[in-house]
>>> print(open('coords-v5.txt').read())   # compact mmCIF, C-alpha atoms and all ligand atoms
# COMPACT_ATOMS: atom_id res chain seq x y z
CA MET A 1 99.74 108.60 102.64
CA ARG A 2 96.97 107.27 100.43
CA ILE A 3 96.94 103.62 99.53
CA ALA A 4 95.19 102.14 96.53
CA ILE A 5 94.99 98.41 96.03
CA VAL A 6 94.56 97.22 92.48
CA LYS A 7 94.17 93.81 90.95
CA ASN A 8 97.06 93.61 88.54
CA ALA A 9 99.77 95.50 86.66
CA LYS A 10 97.33 96.86 84.09
CA GLU A 11 95.16 98.42 86.76
CA LEU A 12 98.25 99.75 88.50
CA GLY A 13 99.20 101.49 85.27
CA GLU A 14 95.72 102.97 84.91
CA ARG A 15 95.53 104.13 88.51
CA ALA A 16 99.00 105.65 88.35
CA PHE A 17 98.13 107.39 85.10
CA VAL A 18 95.32 109.23 86.91
CA GLU A 19 98.04 110.97 88.94
CA ILE A 20 100.14 111.83 85.88
CA LYS A 21 97.09 113.18 84.08
CA LYS A 22 96.09 115.30 87.04
CA VAL A 23 99.52 116.93 87.23
CA ILE A 24 100.12 117.50 83.52
CA SER A 25 96.58 118.71 82.85
CA GLU A 26 97.04 121.35 85.53
CA LYS A 27 100.59 122.20 84.50
CA PRO A 28 101.65 121.25 80.95
CA ASP A 29 105.27 122.15 81.71
CA ALA A 30 105.37 119.98 84.84
CA VAL A 31 108.57 118.38 86.04
CA ILE A 32 108.13 114.63 86.36
CA GLY A 33 110.59 112.37 88.15
CA PHE A 34 110.69 108.99 86.44
CA ALA A 35 111.71 105.60 87.79
CA THR A 36 112.99 102.51 86.07
CA GLY A 37 112.38 98.84 86.77
CA ALA A 38 109.62 96.45 85.78
CA THR A 39 106.98 98.02 88.01
CA PRO A 40 106.33 101.33 86.21
CA VAL A 41 106.23 99.67 82.78
CA ALA A 42 102.43 99.34 82.90
CA LEU A 43 102.18 103.06 83.63
CA TYR A 44 104.52 103.91 80.76
CA GLU A 45 102.48 101.70 78.44
CA LYS A 46 99.34 103.49 79.51
CA MET A 47 101.00 106.88 78.93
CA ALA A 48 102.17 105.80 75.47
CA ASP A 49 98.75 104.43 74.58
CA ASP A 50 96.94 107.52 75.82
CA HIS A 51 99.31 109.74 73.86
CA LYS A 52 98.93 107.66 70.71
CA HIS A 53 95.18 108.11 70.90
CA GLY A 54 95.34 111.88 71.20
CA GLY A 55 95.64 112.16 74.95
CA LEU A 56 98.24 114.06 76.94
CA SER A 57 101.06 115.96 75.32
CA TYR A 58 104.47 115.96 76.98
CA LYS A 59 106.00 118.63 74.74
CA GLN A 60 106.71 120.97 77.63
CA VAL A 61 107.30 118.34 80.30
CA LYS A 62 110.72 118.08 81.90
CA ALA A 63 111.86 114.63 82.96
CA PHE A 64 114.44 113.67 85.56
CA ASN A 65 115.31 110.08 86.28
CA LEU A 66 116.23 108.76 89.68
CA ASP A 67 119.40 106.87 88.99
CA GLU A 68 121.79 105.19 86.58
CA TYR A 69 124.43 102.49 86.80
CA VAL A 70 128.07 103.46 86.83
CA GLY A 71 130.05 102.24 83.84
CA VAL A 72 127.18 100.98 81.72
CA ASP A 73 127.01 102.10 78.09
CA PRO A 74 124.00 104.46 77.93
CA ASN A 75 123.05 102.93 74.57
CA GLY A 76 123.25 99.38 75.89
CA LYS A 77 120.11 97.50 76.89
CA ALA A 78 120.94 97.48 80.60
CA SER A 79 121.23 101.23 80.98
CA PHE A 80 118.37 103.14 82.53
CA LYS A 81 118.81 105.83 79.89
CA ARG A 82 118.10 103.31 77.16
CA PHE A 83 115.25 101.80 79.20
CA MET A 84 113.50 105.16 79.40
CA ALA A 85 114.00 105.82 75.70
CA ASP A 86 112.69 102.41 74.67
CA THR A 87 109.86 102.13 77.16
CA LEU A 88 108.51 105.67 77.17
CA PHE A 89 110.33 108.63 75.70
CA SER A 90 110.36 107.32 72.12
CA LYS A 91 106.59 106.77 72.37
CA ILE A 92 105.51 110.21 73.54
CA ASP A 93 106.23 113.72 72.28
CA ILE A 94 108.66 114.68 75.03
CA ASP A 95 111.62 116.75 73.85
CA PRO A 96 114.76 114.66 74.43
CA ALA A 97 116.49 117.90 75.43
CA ASN A 98 114.08 118.07 78.36
CA THR A 99 115.08 114.67 79.72
CA ASP A 100 117.90 114.22 82.19
CA ILE A 101 119.45 111.26 83.97
CA PRO A 102 122.72 110.95 85.90
CA ASN A 103 125.59 110.08 83.57
CA GLY A 104 127.19 106.94 84.93
CA MET A 105 129.95 107.18 82.32
CA ALA A 106 131.12 110.63 83.39
CA GLN A 107 134.87 111.02 83.83
CA ASP A 108 134.31 112.79 87.12
CA LEU A 109 131.43 111.07 88.87
CA GLU A 110 131.46 113.43 91.86
CA ALA A 111 131.13 116.41 89.55
CA GLU A 112 128.30 114.66 87.73
CA CYS A 113 126.50 114.11 91.04
CA ALA A 114 126.89 117.79 91.88
CA ARG A 115 125.55 118.76 88.45
CA TYR A 116 122.52 116.52 88.91
CA SER A 117 121.81 117.79 92.42
CA ALA A 118 121.86 121.37 91.14
CA ALA A 119 119.54 120.48 88.25
CA ILE A 120 117.03 118.87 90.63
CA LYS A 121 117.20 121.84 92.96
CA GLU A 122 116.42 124.14 90.08
CA ASN A 123 113.59 121.92 88.84
CA PRO A 124 111.78 120.36 91.78
CA ALA A 125 109.47 117.61 90.60
CA ASP A 126 105.74 118.22 90.50
CA LEU A 127 105.35 114.46 90.64
CA GLN A 128 107.96 111.84 91.47
CA ILE A 129 107.29 108.26 90.44
CA LEU A 130 108.98 105.64 92.60
CA GLY A 131 109.35 101.90 92.74
CA ILE A 132 110.71 100.14 95.78
CA GLY A 133 113.45 97.57 96.20
CA GLU A 134 112.92 94.33 98.07
CA ASN A 135 115.12 95.76 100.81
CA GLY A 136 113.09 98.97 100.97
CA HIS A 137 115.41 101.04 98.81
CA ILE A 138 114.08 103.98 96.84
CA ALA A 139 116.04 104.91 93.72
CA PHE A 140 119.39 103.36 94.66
CA ASN A 141 119.33 104.61 98.25
CA GLU A 142 120.14 101.35 99.96
CA PRO A 143 119.42 100.66 103.66
CA TYR A 144 121.26 102.98 106.06
CA THR A 145 121.84 105.69 103.47
CA LYS A 146 121.82 109.08 105.16
CA PRO A 147 118.69 110.93 104.01
CA ASP A 148 120.56 114.20 103.58
CA GLU A 149 123.07 112.77 101.12
CA PRO A 150 122.44 114.54 97.84
CA THR A 151 122.90 112.75 94.51
CA HIS A 152 125.75 110.36 95.20
CA ILE A 153 127.65 107.27 94.18
CA ALA A 154 125.88 104.31 95.80
CA LEU A 155 127.38 100.92 96.51
CA LEU A 156 124.70 98.40 95.57
CA THR A 157 123.87 95.53 97.91
CA ALA A 158 124.16 91.94 96.76
CA SER A 159 120.36 91.57 96.90
CA THR A 160 119.80 94.62 94.71
CA ARG A 161 122.37 93.39 92.20
CA ALA A 162 120.71 89.99 92.15
CA ALA A 163 117.23 91.52 91.74
CA ASN A 164 118.42 93.62 88.80
CA ALA A 165 120.47 90.90 87.12
CA SER A 166 117.93 90.05 84.42
CA ALA A 167 118.89 93.12 82.38
CA PHE A 168 122.46 91.82 82.10
CA LYS A 169 123.82 88.86 80.18
CA ASP A 170 125.53 87.59 83.29
CA PRO A 171 124.72 88.42 86.95
CA SER A 172 128.39 89.16 87.51
CA LEU A 173 128.06 92.03 85.03
CA VAL A 174 125.64 93.97 87.26
CA PRO A 175 127.63 97.04 88.31
CA GLN A 176 128.58 97.48 91.93
CA TYR A 177 127.98 101.20 91.81
CA ALA A 178 125.26 103.53 90.63
CA LEU A 179 124.57 107.25 90.75
CA THR A 180 121.39 108.01 92.61
CA MET A 181 119.28 110.96 93.61
CA GLY A 182 119.33 111.31 97.41
CA ILE A 183 116.41 110.62 99.75
CA ASN A 184 115.80 114.22 100.77
CA GLU A 185 116.09 115.25 97.14
CA ILE A 186 113.33 112.79 96.33
CA LEU A 187 111.25 114.32 99.11
CA THR A 188 111.45 117.76 97.47
CA ALA A 189 108.87 116.58 94.92
CA LYS A 190 105.42 118.11 95.42
CA ARG A 191 103.73 114.75 95.03
CA ILE A 192 105.07 111.23 95.20
CA LEU A 193 103.60 108.17 93.58
CA LEU A 194 105.07 104.86 94.75
CA LEU A 195 104.21 101.70 92.86
CA ALA A 196 104.75 98.09 93.88
CA LEU A 197 103.75 94.75 92.41
CA GLY A 198 104.12 91.23 93.68
CA GLU A 199 104.66 89.33 96.88
CA ARG A 200 108.40 89.88 96.81
CA LYS A 201 107.69 93.54 97.63
CA ALA A 202 105.26 92.77 100.47
CA GLN A 203 107.81 92.97 103.28
CA ALA A 204 109.27 96.23 102.01
CA ILE A 205 105.76 97.72 101.76
CA TYR A 206 104.94 96.53 105.27
CA ASP A 207 108.19 98.04 106.58
CA MET A 208 107.62 101.29 104.71
CA ILE A 209 104.17 101.77 106.22
CA MET A 210 104.21 99.93 109.52
CA GLY A 211 107.83 99.15 110.32
CA ARG A 212 110.42 100.87 112.44
CA ASP A 213 110.93 104.42 111.25
CA ASP A 214 114.64 104.43 110.57
CA THR A 215 117.10 104.24 107.72
CA SER A 216 117.10 100.42 107.71
CA CYS A 217 114.15 100.82 105.35
CA PRO A 218 114.87 103.94 103.27
CA ALA A 219 111.27 104.10 102.03
CA THR A 220 110.06 105.00 105.54
CA ALA A 221 111.34 108.51 104.74
CA LEU A 222 108.20 108.92 102.64
CA ARG A 223 106.15 109.12 105.84
CA LYS A 224 107.49 112.64 106.25
CA HIS A 225 106.04 113.73 102.92
CA PRO A 226 102.57 115.28 102.93
CA ASP A 227 101.40 113.97 99.54
CA VAL A 228 102.24 110.35 98.83
CA THR A 229 100.05 107.95 96.88
CA VAL A 230 100.96 104.27 97.04
CA VAL A 231 99.49 101.94 94.42
CA LEU A 232 99.88 98.25 95.18
CA ASP A 233 98.58 94.99 93.89
CA ARG A 234 97.07 92.58 96.40
CA GLU A 235 100.28 90.59 96.68
CA ALA A 236 102.42 93.62 97.49
CA ALA A 237 99.80 94.65 100.05
CA SER A 238 99.51 91.16 101.49
CA LEU A 239 101.23 91.89 104.81
CA LEU A 240 99.08 94.94 105.51
CA THR A 241 95.72 94.81 107.21
CA ILE A 242 92.88 97.29 107.15
CA LYS A 243 93.03 97.54 110.94
CA GLU A 244 96.65 98.64 110.83
CA TRP A 245 95.91 101.29 108.25
CA GLU A 246 93.11 102.65 110.39
CA LYS A 247 95.52 103.10 113.26
CA GLY A 248 96.95 106.08 111.53
CA SER A 249 100.15 105.08 109.81
CA ALA A 250 98.40 105.16 106.49
CA GLN A 251 94.94 105.45 105.14
CA ALA A 252 93.17 103.55 102.44
CA GLU A 253 91.44 105.76 99.95
CA GLU A 254 87.98 106.86 100.98
CA SER A 255 84.98 104.92 99.86
CA ALA A 256 81.82 106.53 98.57
CA GLU A 257 79.96 105.20 101.63
CA ALA A 258 82.31 106.60 104.27
CA PRO A 259 82.69 110.39 104.14
CA ALA A 260 86.18 111.59 104.95
CA THR A 261 85.07 113.67 107.93
CA GLU A 262 83.61 110.65 109.71
CA GLN A 263 86.79 108.73 109.22
CA THR A 264 88.81 111.59 110.67
CA GLU A 265 86.73 111.66 113.82
CA GLU A 266 87.06 107.93 114.29
CA ALA A 267 90.80 108.07 113.90
CA GLU A 268 91.14 110.89 116.36
CA GLN A 269 88.90 109.31 118.95
CA THR A 270 90.56 105.91 119.05
CA PRO A 271 92.56 105.76 122.28
CA VAL A 272 96.19 104.82 121.88
CA ALA A 273 95.86 101.95 124.37
CA GLU A 274 93.11 100.41 122.34
CA GLN A 275 95.11 100.76 119.19
CA THR A 276 98.05 98.97 120.73
CA GLU A 277 95.94 96.08 121.84
CA GLU A 278 94.53 95.65 118.38
CA ALA A 279 97.96 95.78 116.82
CA GLU A 280 98.62 92.10 117.59
CA GLN A 281 102.15 91.40 116.46
CA THR A 282 103.00 95.02 115.66
CA PRO A 283 104.85 96.57 118.62
CA VAL A 284 103.96 100.19 119.33
CA ALA A 285 107.54 101.26 118.81
CA GLU A 286 107.39 99.97 115.28
CA GLN A 287 104.42 102.08 114.43
CA PRO A 288 104.91 105.59 113.08
CA ALA A 289 104.30 108.49 115.46
CA GLU A 290 100.57 108.88 116.06
CA THR A 291 100.71 112.65 116.35
CA GLU A 292 102.42 113.18 113.05
CA GLN A 293 99.88 110.98 111.31
CA ALA A 294 96.90 112.58 113.01
CA GLU A 295 98.05 115.96 111.78
CA GLU A 296 98.58 114.76 108.26
CA GLN A 297 95.40 112.78 107.76
CA PRO A 298 92.87 115.58 107.26
CA GLU A 299 95.14 117.20 104.69
CA VAL A 300 95.54 113.99 102.80
CA ARG A 301 91.82 113.36 102.70
CA GLU A 302 91.05 116.88 101.56
CA GLU A 303 93.53 116.52 98.75
CA ALA A 304 92.06 113.20 97.73
CA ALA A 305 88.61 114.74 97.52
CA GLU A 306 89.84 117.74 95.56
CA SER A 307 91.82 115.67 93.17
CA ALA A 308 89.06 113.25 92.23
CA PRO A 309 89.28 112.95 88.47
CA GLU A 310 86.42 114.15 86.27
CA ALA A 311 85.41 110.64 85.28
CA GLU A 312 84.53 109.95 88.89
CA ALA A 313 81.48 112.16 88.78
CA GLU A 314 80.31 110.57 85.56
CA THR A 315 80.53 107.10 87.02
CA GLU A 316 79.25 107.87 90.49
CA GLU A 317 76.09 105.90 89.90
CA GLN A 318 78.08 102.91 88.73
CA VAL A 319 80.27 103.08 91.83
CA GLU A 320 77.32 103.12 94.18
CA GLU A 321 75.66 100.25 92.43
CA THR A 322 78.71 98.06 92.76
CA SER A 323 79.51 98.97 96.37
CA ALA A 324 76.62 97.11 97.99
CA PRO A 325 77.32 93.67 96.51
CA VAL A 326 80.91 93.96 97.62
CA GLU A 327 79.90 94.61 101.21
CA GLU A 328 77.67 91.57 101.15
CA GLU A 329 80.50 89.53 99.81
CA VAL A 330 82.70 90.55 102.72
CA ALA A 331 80.01 89.74 105.26
CA GLU A 332 79.50 86.30 103.80
CA SER A 333 83.11 85.50 103.39
CA GLY A 334 83.43 83.73 106.76
CA PRO A 335 86.50 83.25 108.93
CA PRO A 336 90.01 83.72 107.59
CA THR A 337 91.58 80.74 105.91
CA ASP A 338 95.13 79.90 104.94
CA GLU A 339 94.10 80.01 101.31
CA VAL A 340 95.54 82.72 99.09
CA PRO A 341 92.62 85.11 98.44
CA THR A 342 90.97 84.68 95.08
CA TYR A 343 88.61 86.86 93.12
CA PRO A 344 85.11 85.42 93.14
CA GLU A 345 83.11 86.29 90.03
CA GLU A 346 81.20 89.10 91.73
CA GLN A 347 84.44 90.76 92.70
CA GLU A 348 85.79 90.45 89.20
CA GLU A 349 82.78 92.43 88.11
CA VAL A 350 83.63 95.18 90.54
CA ALA A 351 87.20 95.17 89.37
CA ALA A 352 86.05 95.41 85.78
CA THR A 353 83.93 98.41 86.67
CA TYR A 354 86.96 99.95 88.26
CA GLU A 355 88.91 99.34 85.11
CA ASP A 356 86.37 101.39 83.19
CA ALA A 357 86.06 104.09 85.76
CA GLY A 358 89.61 104.13 87.08
CA GLU A 359 88.26 105.57 90.30
CA GLU A 360 89.38 105.72 93.87
CA ALA A 361 86.10 104.57 95.40
CA GLU A 362 86.38 101.27 93.59
CA VAL A 363 89.91 100.86 94.78
CA GLU A 364 88.58 101.21 98.30
CA ASP A 365 86.11 98.45 97.58
CA LEU A 366 88.95 96.16 96.63
CA THR A 367 90.76 96.90 99.89
CA VAL A 368 87.68 95.92 101.89
CA GLN A 369 87.96 92.49 100.40
CA GLU A 370 91.38 92.15 101.97
CA GLU A 371 89.90 91.24 105.34
CA PRO A 372 89.69 87.46 104.92
CA ALA A 373 93.43 87.29 104.39
CA GLN A 374 94.42 89.05 107.59
CA GLU A 375 95.33 85.92 109.49
CA ASN A 376 97.59 84.88 106.68
CA ARG A 377 99.40 88.16 106.89
CA GLY A 378 99.88 87.95 110.58
CA LYS A 379 101.73 84.70 110.09
CA LYS A 380 103.92 86.07 107.36
CA LYS A 381 104.73 89.12 109.42
CA LYS A 382 106.77 87.03 111.80
CA LYS A 383 109.26 86.31 109.05
CA HIS A 384 111.00 89.65 109.25
CA ARG A 385 113.76 90.08 106.78
CA ARG A 386 116.10 91.82 109.13
C1 LIG B 1 116.00 99.47 90.85
C2 LIG B 1 115.78 100.96 90.75
C3 LIG B 1 114.65 101.40 91.63
C4 LIG B 1 113.45 100.49 91.44
C5 LIG B 1 113.81 99.08 91.80
C6 LIG B 1 112.66 98.12 91.70
O1 LIG B 1 116.75 99.13 91.94
N1 LIG B 1 116.94 101.69 91.09
O2 LIG B 1 114.31 102.73 91.31
O3 LIG B 1 112.40 100.95 92.24
O4 LIG B 1 114.81 98.70 90.90
O5 LIG B 1 112.58 97.58 90.43
P1 LIG B 1 111.40 96.66 89.92
O6 LIG B 1 110.27 97.57 89.64
O7 LIG B 1 111.93 96.02 88.68
O8 LIG B 1 111.11 95.69 90.98
>>> encode(input="coords-v5.txt", output="structure tokens")
Amino acid sequence: MRIAIVKNAKELGERAFVEIKKVISEKPDAVIGFATGATPVALYEKMADDHKHGGLSYKQVKAFNLDEYVGVDPNGKASFKRFMADTLFSKIDIDPANTDIPNGMAQDLEAECARYSAAIKENPADLQILGIGENGHIAFNEPYTKPDEPTHIALLTASTRAANASAFKDPSLVPQYALTMGINEILTAKRILLLALGERKAQAIYDMIMGRDDTSCPATALRKHPDVTVVLDREAASLLTIKEWEKGSAQAEESAEAPATEQTEEAEQTPVAEQTEEAEQTPVAEQPAETEQAEEQPEVREEAAESAPEAEAETEEQVEETSAPVEEEVAESGPPTDEVPTYPEEQEEVAATYEDAGEEAEVEDLTVQEEPAQENRGKKKKKHRR
């Protein structure tokens, strides 16, 4: 699992677009799994803007969406079908015949689920975009959903209905049911890109990466997948700490200064006992299996190195120049405070460089700046939602 921390929604869109571009450039007829919700909007805007200015073509792309409400008019504003049309599909050259989404108005919903499952099986996604619910759901797979359930009718929790109420005139109009792709079906994608913005997602992100590995947080299933990129803003990442990532449940993207091989050795050599001690409030049982992670890490790093976008080479000099000041900033930043971390001017500069370059090394720099907030996160961690 690679983790990129970005400053805001715009950067999230740009960073996520790097993944889309990589996949579609390599395979113009790629199958992309799309997600709805507020989080991927910045990505869809970036895709639309890039396309408008002569960028990627989606003519041969096939699109499958994760889910749809039951009983909502597909032309109405609240439907995910309409959301995709308005937010993205009408702004790129995708063939509407190549877009599919579960039909929540089908007479026979079970038959519709079976149709969708078969379609996904026939067209496994080259890249699946995901958001995450505040309760850790992916698509509409709510806590305790069995991972092997294929596309199915999901009963939505009260918290999910409340979180999604803004699309409806009245919260009572949020449907109780939705059709959703299943968890294992999501995992059939070759690559997964999970996006999260805002503090209200922080607990779910913590649980997904560091929490107990069970169905109480459906997103923990992603730990089984060999190619997951998680793009977060600082607020969504606010319960994570660098130390925890280094323990092997996840790995921040490599910086230009720290070659991947060195990091691998360090991770392998750290004794388990030492890791536990450092974990503070994180019980060992809540951490993902060390062995599984250790096996996956080298692969993930190799992939990250291979997949570095072209622009990275062009801006290498720029990256190196900006790295040093950031390190100094960290060293001078002093002990943790209860203050919410802010962006000093120097860091803004780094972020701006990242914006231009859109590169992973700069993302790593931003994660390094997370350190002063670790104490804060430790405190928040005690407030577990379940
Ligand atoms: C809905 C969708 C999910 C999405 C989630 C988060 O529940 N079914 O696929 O990830 O909302 O939405 P948002 O990005 O608006 O927070």
>>> closest_residue(input="coords-v5.txt", among="A:Glu235, A:Glu149, A:Asp170, A:Glu134", to="ligand LIG 1 (chain B)", atoms="all atoms listed in the file")
A:Glu134
>>> closest_atom_pairs(input="coords-v5.txt", of="segment 199-232 of chain A", to="segment 173-190 of chain A", cutoff="9 Å", atoms="only C-alpha atoms", output="Markdown table")
| residue | atom | partner | partner_atom | distance |
| --- | --- | --- | --- | --- |
| A:Pro218 | CA | A:Ile183 | CA | 7.7 |
| A:Ala219 | CA | A:Ile183 | CA | 8.6 |
| A:Ala221 | CA | A:Ile183 | CA | 7.4 |
| A:Leu222 | CA | A:Leu187 | CA | 7.1 |
| A:Lys224 | CA | A:Leu187 | CA | 8.2 |
| A:His225 | CA | A:Leu187 | CA | 6.5 |
| A:Pro226 | CA | A:Lys190 | CA | 8.5 |
| A:Asp227 | CA | A:Lys190 | CA | 7.1 |
>>> closest_atom_pairs(input="coords-v5.txt", of="chain A", to="ligand LIG 1 (chain B)", cutoff="7 Å", atoms="all atoms listed in the file", output="Markdown table")
| residue | atom | partner | partner_atom | distance |
| --- | --- | --- | --- | --- |
| A:Ala35 | CA | B:LIG1 | O2 | 5.2 |
| A:Thr36 | CA | B:LIG1 | O2 | 5.4 |
| A:Gly37 | CA | B:LIG1 | O7 | 3.4 |
| A:Ala38 | CA | B:LIG1 | O7 | 3.7 |
| A:Thr39 | CA | B:LIG1 | O6 | 3.7 |
| A:Pro40 | CA | B:LIG1 | O6 | 6.4 |
| A:Leu66 | CA | B:LIG1 | O2 | 6.5 |
| A:Asp67 | CA | B:LIG1 | N1 | 6.1 |
| A:Leu130 | CA | B:LIG1 | O3 | 5.8 |
| A:Gly131 | CA | B:LIG1 | O3 | 3.2 |
| A:Ile132 | CA | B:LIG1 | O3 | 4.0 |
| A:Gly133 | CA | B:LIG1 | C6 | 4.6 |
| A:Ile138 | CA | B:LIG1 | O2 | 5.7 |
| A:Ala139 | CA | B:LIG1 | O2 | 3.7 |
| A:Phe140 | CA | B:LIG1 | N1 | 4.6 |
| A:Thr160 | CA | B:LIG1 | O1 | 6.1 |
| A:Asn164 | CA | B:LIG1 | O1 | 6.6 |
| A:Ala196 | CA | B:LIG1 | O6 | 7.0 |
>>> residues_around(input="coords-v5.txt", residues="Asp233 of chain A", least_positions_apart="4", cutoff="8 Å", atoms="all atoms listed in the file", output="count of residues only")
10
>>> atom_distance(input="coords-v5.txt", atom1="atom CA of Ile192 of chain A", atom2="atom CA of Asp73 of chain A")
29.3 Å
>>> atom_distance(input="coords-v5.txt", atom1="atom CA of Thr229 of chain A", atom2="atom CA of Ile20 of chain A")
11.7 Å
>>> closest_residue(input="coords-v5.txt", among="A:Asp108, A:Thr215, A:Arg15, A:Leu239", to="Tyr144 of chain A", atoms="only C-alpha atoms")
A:Thr215
>>> residues_around(input="coords-v5.txt", residues="Pro143 of chain A", least_positions_apart="4", cutoff="8 Å", atoms="only C-alpha atoms", output="PyMOL selection string")
chain A and resi 135-137+215-218
>>> axis_aligned_box(input="coords-v5.txt", around="segment 119-130 of chain A", padding_each_side="6 Å", output="AutoDock Vina command-line options")
--center_x 112.4 --center_y 114.9 --center_z 90.6 --size_x 26.2 --size_y 30.5 --size_z 16.7
>>> atom_distance(input="coords-v5.txt", atom1="atom CA of Asp50 of chain A", atom2="atom CA of Asn75 of chain A")
26.5 Å
>>> residues_around(input="coords-v5.txt", residues="Lys77 of chain A", least_positions_apart="6", cutoff="10 Å", atoms="all atoms listed in the file", output="PyMOL selection string")
chain A and resi 83+86+167-169
>>> closest_residue(input="coords-v5.txt", among="A:Arg115, A:His51, A:Lys21, A:Arg191", to="Ile129 of chain A", atoms="all atoms listed in the file")
A:Arg191
>>> residues_near_point(input="coords-v5.txt", point="(99.1, 103.3, 76.2)", cutoff="12 Å", atoms="only C-alpha atoms", output="PyMOL selection string")
chain A and resi 10+13-14+17+41-56+87-88+91-92
>>> closest_residue(input="coords-v5.txt", among="A:Val72, A:Ala106, A:Ile101, A:Ile3", to="Leu195 of chain A", atoms="all atoms listed in the file")
A:Ile3
